[in-house]
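Student: Below is the file query-v2.csv, with CSV, C-alpha atoms.
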chain,number,residue,atom,x,y,z
O,1,MET,CA,0.4,-19.4,5.6
O,2,ILE,CA,2.4,-19.1,2.3
O,3,TYR,CA,1.1,-16.9,-0.5
O,4,THR,CA,2.0,-16.7,-4.2
O,5,ILE,CA,1.8,-13.6,-6.4
O,6,ALA,CA,-0.9,-13.9,-9.0
O,7,SER,CA,-0.8,-10.5,-10.6
O,8,THR,CA,2.0,-8.5,-12.3
O,9,LYS,CA,0.7,-5.5,-10.5
O,10,LEU,CA,2.2,-7.0,-7.4
O,11,GLY,CA,5.3,-8.6,-8.7
O,12,ILE,CA,6.4,-11.6,-10.7
O,13,ILE,CA,3.7,-14.2,-11.0
O,14,GLY,CA,4.5,-17.3,-9.1
O,15,ASP,CA,7.0,-15.7,-6.8
O,16,PRO,CA,6.3,-16.1,-3.1
O,17,PHE,CA,4.6,-13.0,-1.5
O,18,ILE,CA,5.9,-11.8,1.8
O,19,ALA,CA,3.7,-9.1,3.3
O,20,SER,CA,5.6,-6.1,4.7
O,21,ASP,CA,4.4,-4.0,7.6
O,22,GLY,CA,0.9,-2.7,7.2
O,23,ILE,CA,-0.1,-4.7,4.1
O,24,ASN,CA,-3.7,-5.9,4.1
O,25,VAL,CA,-3.4,-9.5,3.0
O,26,ALA,CA,-7.1,-10.2,3.1
O,27,ALA,CA,-7.7,-7.4,0.6
O,28,LEU,CA,-5.0,-8.8,-1.7
O,29,LEU,CA,-6.6,-12.3,-1.5
O,30,SER,CA,-10.1,-11.0,-2.2
O,31,GLY,CA,-8.8,-9.0,-5.1
O,32,GLY,CA,-7.1,-11.9,-6.7
O,33,PHE,CA,-3.6,-10.5,-6.4
O,34,ILE,CA,-2.2,-13.4,-4.3
O,35,VAL,CA,-3.3,-17.0,-3.8
O,36,GLU,CA,-2.8,-19.3,-0.9
O,37,GLN,CA,-0.2,-21.9,-1.4
O,38,SER,CA,-0.9,-25.2,0.3
O,39,THR,CA,2.0,-26.4,2.3
O,40,PRO,CA,3.1,-29.9,1.5
O,41,LYS,CA,2.6,-32.4,4.3
O,42,PRO,CA,5.7,-34.0,5.6
O,43,LYS,CA,6.0,-37.6,4.4
O,44,LYS,CA,5.4,-40.3,6.9
O,45,PRO,CA,8.5,-42.3,7.7
O,46,ALA,CA,8.6,-45.7,6.1
O,47,LYS,CA,7.3,-48.5,8.3
O,48,THR,CA,10.0,-50.8,9.3
O,49,SER,CA,9.4,-54.1,11.1
O,50,THR,CA,11.7,-54.7,14.0
O,51,ASP,CA,12.5,-58.3,14.6
O,52,THR,CA,12.4,-58.8,18.3
O,53,ASN,CA,12.9,-62.6,18.3
O,54,GLU,CA,16.3,-63.4,19.6
O,55,GLU,CA,17.8,-66.4,18.1
O,56,ILE,CA,19.5,-68.7,20.5
S,1,MET,CA,20.7,30.4,-9.8
S,2,ALA,CA,20.4,26.6,-10.1
S,3,THR,CA,17.1,25.3,-11.4
S,4,SER,CA,15.8,21.9,-12.2
S,5,THR,CA,13.0,20.7,-14.5
S,6,TYR,CA,10.7,18.3,-12.7
S,7,LEU,CA,8.2,16.3,-14.7
S,8,SER,CA,5.6,14.7,-12.5
S,9,ASN,CA,5.5,11.0,-13.2
S,10,PRO,CA,5.3,9.3,-9.8
S,11,LEU,CA,5.1,5.7,-9.0
S,12,VAL,CA,2.2,4.8,-6.7
S,13,THR,CA,1.4,1.7,-4.8
S,14,VAL,CA,-1.6,1.0,-2.7
S,15,ASN,CA,-1.5,-2.1,-0.4
S,16,ALA,CA,1.7,-3.1,-2.4
S,17,VAL,CA,-0.2,-3.0,-5.7
S,18,ASP,CA,1.3,-0.9,-8.4
S,19,LEU,CA,-1.6,1.5,-9.6
S,20,THR,CA,0.6,3.9,-11.4
S,21,ASP,CA,-1.1,3.3,-14.7
S,22,GLN,CA,-4.5,4.1,-13.2
S,23,CYS,CA,-3.5,7.2,-11.4
S,24,SER,CA,-3.5,10.7,-12.9
S,25,ALA,CA,-2.9,12.9,-9.8
S,26,ALA,CA,-1.3,12.4,-6.4
S,27,ASN,CA,-1.0,14.8,-3.5
S,28,LEU,CA,0.9,13.7,-0.4
S,29,THR,CA,0.8,16.2,2.5
S,30,ARG,CA,2.5,15.7,5.7
S,31,VAL,CA,0.5,17.1,8.6
S,32,ILE,CA,1.5,17.5,12.2
S,33,GLU,CA,-1.5,18.8,14.1
S,34,ALA,CA,-1.0,22.2,15.7
S,35,LEU,CA,-1.8,22.4,19.4
S,36,GLU,CA,-2.2,25.9,20.7
S,37,SER,CA,-0.1,26.6,23.8
S,38,THR,CA,-0.6,30.3,24.0
S,39,SER,CA,-0.6,31.5,27.6
S,40,PHE,CA,-1.3,34.7,29.4
S,41,GLY,CA,1.3,37.4,28.8
S,42,LYS,CA,1.9,36.3,25.1
S,43,THR,CA,1.2,38.8,22.3
S,44,ALA,CA,0.9,36.2,19.6
S,45,ARG,CA,-0.5,32.7,19.4
S,46,VAL,CA,2.1,29.9,19.7
S,47,TYR,CA,1.7,26.2,18.9
S,48,VAL,CA,3.4,22.9,19.6
S,49,GLY,CA,3.3,19.8,17.5
S,50,GLY,CA,0.6,17.3,18.2
S,51,LEU,CA,-0.2,14.0,16.5
S,52,GLU,CA,0.8,13.3,12.9
S,53,ASN,CA,-2.1,13.1,10.5
S,54,SER,CA,-0.8,13.0,7.0
S,55,THR,CA,-2.9,12.5,3.9
S,56,LEU,CA,-2.5,11.1,0.4
S,57,THR,CA,-5.1,11.9,-2.1
S,58,LEU,CA,-5.1,10.1,-5.4
S,59,THR,CA,-7.2,10.7,-8.6
S,60,MET,CA,-7.7,7.4,-10.3
S,61,TYR,CA,-9.3,6.0,-13.4
S,62,ASN,CA,-12.0,3.6,-12.3
S,63,SER,CA,-11.6,0.2,-13.7
S,64,PHE,CA,-13.6,-2.9,-12.8
S,65,ALA,CA,-11.3,-5.2,-14.7
S,66,ALA,CA,-9.4,-8.0,-12.8
S,67,THR,CA,-6.7,-6.8,-10.5
S,68,GLU,CA,-7.2,-3.1,-11.3
S,69,THR,CA,-8.6,-0.1,-9.4
S,70,TYR,CA,-11.8,-1.6,-7.9
S,71,ALA,CA,-10.3,-5.0,-7.1
S,72,THR,CA,-7.5,-3.2,-5.3
S,73,LEU,CA,-9.6,-0.8,-3.3
S,74,ALA,CA,-12.9,-2.6,-2.6
S,75,ALA,CA,-11.7,-4.6,0.4
S,76,LEU,CA,-9.7,-1.7,1.8
S,77,VAL,CA,-12.6,0.6,2.7
S,78,GLY,CA,-12.8,1.0,6.4
S,79,THR,CA,-9.4,-0.6,7.0
S,80,SER,CA,-5.8,0.4,7.3
S,81,THR,CA,-3.1,-0.3,4.7
S,82,THR,CA,0.2,1.0,3.4
S,83,VAL,CA,0.7,3.3,0.5
S,84,THR,CA,3.9,4.5,-1.2
S,85,ILE,CA,4.8,7.1,-3.7
S,86,LYS,CA,8.0,8.3,-5.2
S,87,PRO,CA,8.7,11.0,-7.8
S,88,THR,CA,9.7,8.7,-10.6
S,89,SER,CA,9.9,5.1,-11.4
S,90,ALA,CA,13.7,5.1,-11.3
S,91,ALA,CA,15.5,3.4,-8.6
S,92,THR,CA,15.1,4.8,-5.1
S,93,SER,CA,17.8,7.2,-4.2
S,94,ALA,CA,18.5,10.5,-2.5
S,95,THR,CA,17.1,12.3,-5.5
S,96,ASN,CA,14.2,9.9,-5.9
S,97,PRO,CA,13.1,9.1,-2.4
S,98,VAL,CA,10.1,6.8,-1.7
S,99,SER,CA,7.6,8.1,0.8
S,100,THR,CA,5.5,5.7,2.8
S,101,LEU,CA,2.4,6.0,4.9
S,102,THR,CA,2.1,2.8,7.0
S,103,GLY,CA,-1.2,2.1,8.6
S,104,CYS,CA,-3.2,4.8,6.8
S,105,TYR,CA,-7.0,4.6,6.7
S,106,LEU,CA,-9.3,4.6,3.7
S,107,GLU,CA,-12.6,6.0,4.8
S,108,THR,CA,-14.6,6.3,1.6
S,109,LEU,CA,-14.5,4.8,-1.9
S,110,PRO,CA,-16.6,6.2,-4.7
S,111,ILE,CA,-18.0,3.3,-6.6
S,112,VAL,CA,-19.2,5.0,-9.7
S,113,ASN,CA,-18.6,8.6,-10.8
S,114,ALA,CA,-20.1,8.5,-14.3
S,115,SER,CA,-20.5,11.3,-16.7
S,116,LEU,CA,-21.6,11.0,-20.3
S,117,GLY,CA,-18.6,11.0,-22.7
S,118,ALA,CA,-16.0,11.0,-19.9
S,119,LEU,CA,-13.9,8.5,-18.3
S,120,ASP,CA,-15.0,7.4,-14.8
S,121,THR,CA,-12.5,8.9,-12.3
S,122,ILE,CA,-12.5,8.7,-8.5
S,123,ASP,CA,-10.7,10.7,-5.8
S,124,ILE,CA,-9.7,8.7,-2.8
S,125,THR,CA,-7.9,9.9,0.4
S,126,PHE,CA,-5.8,7.9,2.7
S,127,THR,CA,-5.5,9.5,6.2
S,128,GLY,CA,-3.2,9.0,9.1
S,129,GLY,CA,-0.6,6.4,9.4
S,130,VAL,CA,3.1,6.7,10.1
S,131,TYR,CA,5.1,8.7,7.5
S,132,SER,CA,8.6,7.6,6.6
S,133,VAL,CA,10.9,8.3,3.7
S,134,ALA,CA,13.6,6.0,2.3
S,135,THR,CA,16.5,6.9,0.0
S,136,SER,CA,17.8,3.4,-0.7
Mind turning the file's structure into structure tokens?
Tutor:
Amino acid sequence: MIYTIASTKLGIIGDPFIASDGINVAALLSGGFIVEQSTPKPKKPAKTSTDTNEEI
Amino acid sequence: MATSTYLSNPLVTVNAVDLTDQCSAANLTRVIEALESTSFGKTARVYVGGLENSTLTLTMYNSFAATETYATLAALVGTSTTVTIKPTSAATSATNPVSTLTGCYLETLPIVNASLGALDTIDITFTGGVYSVATS
């Protein structure tokens, strides 16, 4: 899960938050200090039609 | 004799949140429990070091505003977290070391400590955890 800083008490707003050892992430979420950042889904590859008809 | 003037103005973080502007007193005490090992034939009690049980006590102004004291502490009661404190807000160095209690426990949180004509202040104590100190 990726988190973004939402309070200047924690750092620069908008920067990614990386929890160090012992940090209670759930408490930061409930206090509004960080927000979950939705991870972008990978784009599907373009559909390409394969011509299997062999011309004689 | 060399002397130095030390003005207490520490930087305090609780669960990575900077609460310096809500804190008016801090007391970090490193404790290694004493286990008595006195045996027959001794004429004085002797001890060996046991488990570490350090404490950090903070006096804080209570604020229910967004991302202030209550928002920081409310979800930490009954859980473990990490707290840091260093003598001044200057860069961490050998003369301004940062002390950390990793995995310390917050047992109690006073919700309201109201008195007519006075600011609402609370005392909280973090107990246990692993003590470490960094100079860079």
Student: Measure the distance from CA of Gly14 (chain O) to CA of Ile2 (chain O) in Å and round it to one decimal.
Tutor: 11.7 Å
Student: Could you list, as a ChimeraX atom specification, every residue of chain O that has an atom within 8 Å of an atom of chain S, counting all atoms listed in the file?
Tutor: /O:7,9-10,21-24,26-28,30-33
Student: Using only C-alpha atoms for the distances, tell me which of S:Leu11, S:Ala90, S:Val48, S:Leu119 is nearest to Cys23 (chain S).
Tutor: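 Checking each of S:Leu11, S:Ala90, S:Val48, S:Leu119 against Cys23 (chain S), counting only C-alpha atoms, the winner is S:Leu11.
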Student: Report as JSON, numbers by chain all protein, DNA and RNA residues lying within 12 Å of Leu7 (chain S), evaluated on all atoms listed in the file, omitting residues in the same chain fewer than 2 positions from it.
Tutor: {"S": [4, 5, 9, 10, 87, 88, 89]}
Student: Nearest to Thr100 (chain S) among O:Ser20, O:Leu29, O:Lys47, O:Met1, with distances taken over only C-alpha atoms: which residue is it?
Tutor: O:Ser20
Student: What does the distance between CA of Thr4 (chain O) and CA of Glu36 (chain O) come to in Å, to one decimal place?
Tutor: 6.4 Å
Student: For Leu28 (chain S), find every residue with an atom within 10 Å (counting all atoms listed in the file), except residues of its own chain fewer than 6 positions away, and show them as number ranges by chain.
Tutor: S: 54-58, 84-85, 99-101, 125-126
Student: So how many Å separate CA of Thr121 (chain S) and CA of Ser8 (chain S), to one decimal?
Tutor: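 The value is 19.0 Å.
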